[in-house]
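Report on the structure given below.
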Amino acid sequence: MIFSYATARSSVTAKKVTRGMDAKIPIIVYNGAFILDNDTGEIMLSNFFGEEIKSVVEELVAAKIYPIVYSYIDGKEKFSFVRGLINEATNQFAVSREGDIRYNCVDTPEELKRGEIFYLTCIDEPEKLLPFYEKYKEKYHCEYQKDIYSGEQWLEIIPAKASKANAIKQLKQYLKCDRVVVFGDGKNDIDMFELADESYAVENAHADLKKFATGIIGANDEDAVAHWLEENVKKTV
């Protein structure tokens with residue numbers, strides 16, 4: 001079978017949890033902002049914001065929301081944050097990625113606007129984040145949800161053309177596939193569930209996602225996806 005994954009993670013963090021899985025086809029990262037060659041890391045498709053996103057960063061900072069800003073600076077992928085200003089939840093995210101080659105702790109909010117920006121992540125209180133979701137959900141691709149594992153409220157702002165569903169459409173055409181089956185757990189998987197021929201939510205997935213699923217399988221820590229594939233995909237040589 002042709003197998004790959006689409007994730008909100010970067011390729012760097014995705015490879016930590018997919019180590020040992022051999023997917024020699026393009027992978028979708030950052031919720032569809034990029035399609036990468038899994039072997040070489042080469043960008044096959046990219047979606048960047050225009051210069052106007054810098055004013056959004058300024059608005060967030062003015063509201064005392066200090067985002068993690070993903071960008072290419074001098075040709076290198078970085079995620080930037082202001083250590084002295086971020087809240088505890090964002091700090092935990094940053095600390096968990098110390099040693100990452102993309103790690104970029106800056107001194108001032110102004111430095112967050114450097115480079116070509118392609119992704120904003122905000123982790124804060126719902127009452128602070130919701131107004132920005134409402135303001136920008138039509139202009140950009142915005143994901144507003146609680147992390148189902150940590151319980152923290154996230155707002156992710158992505159270029160309008162970037163989504164898992166759009167990237168899957170492009171991959172389907174590129175690989176000449178006639179059928180797509182997907183698996184997921186979060187609200188940010190809804191668009192690809194709507195696109196797919198079949199879609200399966202793990203047992204502990206977000207309740208909103210389950211409404212769009214063809215079926216419900218076992219939990220994420222029960223190898224449920226692997227078992228489904230083993231039982232349902234006819235192996236051919």
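Here's how to read the names in the structure tokens: chain A, B, ... by the order shown, residue numbers from 1 in each chain, ligand numbers from 1 in the order shown.
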
Any chance you could list, as an MDAnalysis selection string, the residues in stretch 31-236 of chain A that come up helix (DSSP H, G or I) when DSSP is run on the backbone? chainID A and resid 31:32 53:62 88:95 109:113 126:136 164:175 187:195 207:210 220:222 224:232

8 Å contact set for A:Thr108, only C-alpha atoms, chain neighbours under 3 positions out, as a ChimeraX atom specification: /A:82,111-112

Hey, which of A:Leu129, A:Asp22, A:Asn91, A:Ala14 ends up closest to A:Ala63? Count only C-alpha atoms.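 Residue with the minimum atom-to-atom distance to A:Ala63: A:Leu129.
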
Smallest atom-to-atom distance to A:Lys211: which of A:Glu52, A:Asp100, A:Glu194, A:Asp223, using only C-alpha atoms? A:Glu194

Atom CA of A:Tyr174 to atom CA of A:Thr18, distance in Å rounded to a single decimal: 22.8 Å

Quick one: residues within 12 Å of A:Glu59, only C-alpha atoms, excluding same-chain residues fewer than 4 positions away - as a list in words? Glu52, Ile53, Lys54, Ser55, Ala63, Lys64, Ile65, Tyr66, Pro67, Pro109, Glu110, Lys128, Leu129, Pro131, Phe132, Lys135 and Tyr136 of chain A

May I have the residues within 9 Å of A:Ile68 as a VMD selection string, using only C-alpha atoms and disregarding those fewer than 3 positions away in the same chain? chain A and resid 79 to 82 86 90 94 112 119 to 123

Could those residues be written to a file, using N, CA and C atoms, as a short mmCIF file (atom, residue, chain, number, x, y, z; two decimals), in the first residue's frame?
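Produced file selection.cif, reproduced below:
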```cif
data_model
loop_
_atom_site.label_atom_id
_atom_site.label_comp_id
_atom_site.auth_asym_id
_atom_site.auth_seq_id
_atom_site.Cartn_x
_atom_site.Cartn_y
_atom_site.Cartn_z
N PHE A 79 11.95 28.26 14.80
CA PHE A 79 10.77 28.70 15.54
C PHE A 79 11.28 29.65 16.63
N SER A 80 10.68 30.84 16.66
CA SER A 80 11.17 31.92 17.51
C SER A 80 10.16 32.27 18.59
N PHE A 81 10.67 32.64 19.76
CA PHE A 81 9.84 33.04 20.88
C PHE A 81 10.65 33.94 21.80
N VAL A 82 9.95 34.76 22.57
CA VAL A 82 10.61 35.66 23.52
C VAL A 82 10.55 35.02 24.90
N ILE A 86 6.89 34.81 27.34
CA ILE A 86 5.93 33.73 27.11
C ILE A 86 5.40 33.17 28.44
N THR A 90 3.50 27.91 27.11
CA THR A 90 4.37 28.10 25.95
C THR A 90 5.81 27.78 26.31
N ALA A 94 8.50 25.18 24.63
CA ALA A 94 9.84 25.55 24.20
C ALA A 94 10.91 24.69 24.87
N LEU A 112 10.48 38.66 16.34
CA LEU A 112 9.58 37.60 15.90
C LEU A 112 9.17 37.77 14.45
N TYR A 119 3.84 30.02 9.91
CA TYR A 119 3.00 29.37 10.93
C TYR A 119 3.11 30.15 12.23
N LEU A 120 1.97 30.36 12.89
CA LEU A 120 1.94 30.98 14.21
C LEU A 120 1.24 30.03 15.18
N THR A 121 1.83 29.81 16.33
CA THR A 121 1.22 28.99 17.38
C THR A 121 1.07 29.84 18.63
N CYS A 122 -0.16 29.90 19.15
CA CYS A 122 -0.44 30.63 20.39
C CYS A 122 -1.04 29.65 21.39
N ILE A 123 -0.49 29.61 22.59
CA ILE A 123 -1.02 28.77 23.66
C ILE A 123 -1.36 29.69 24.82
#
```
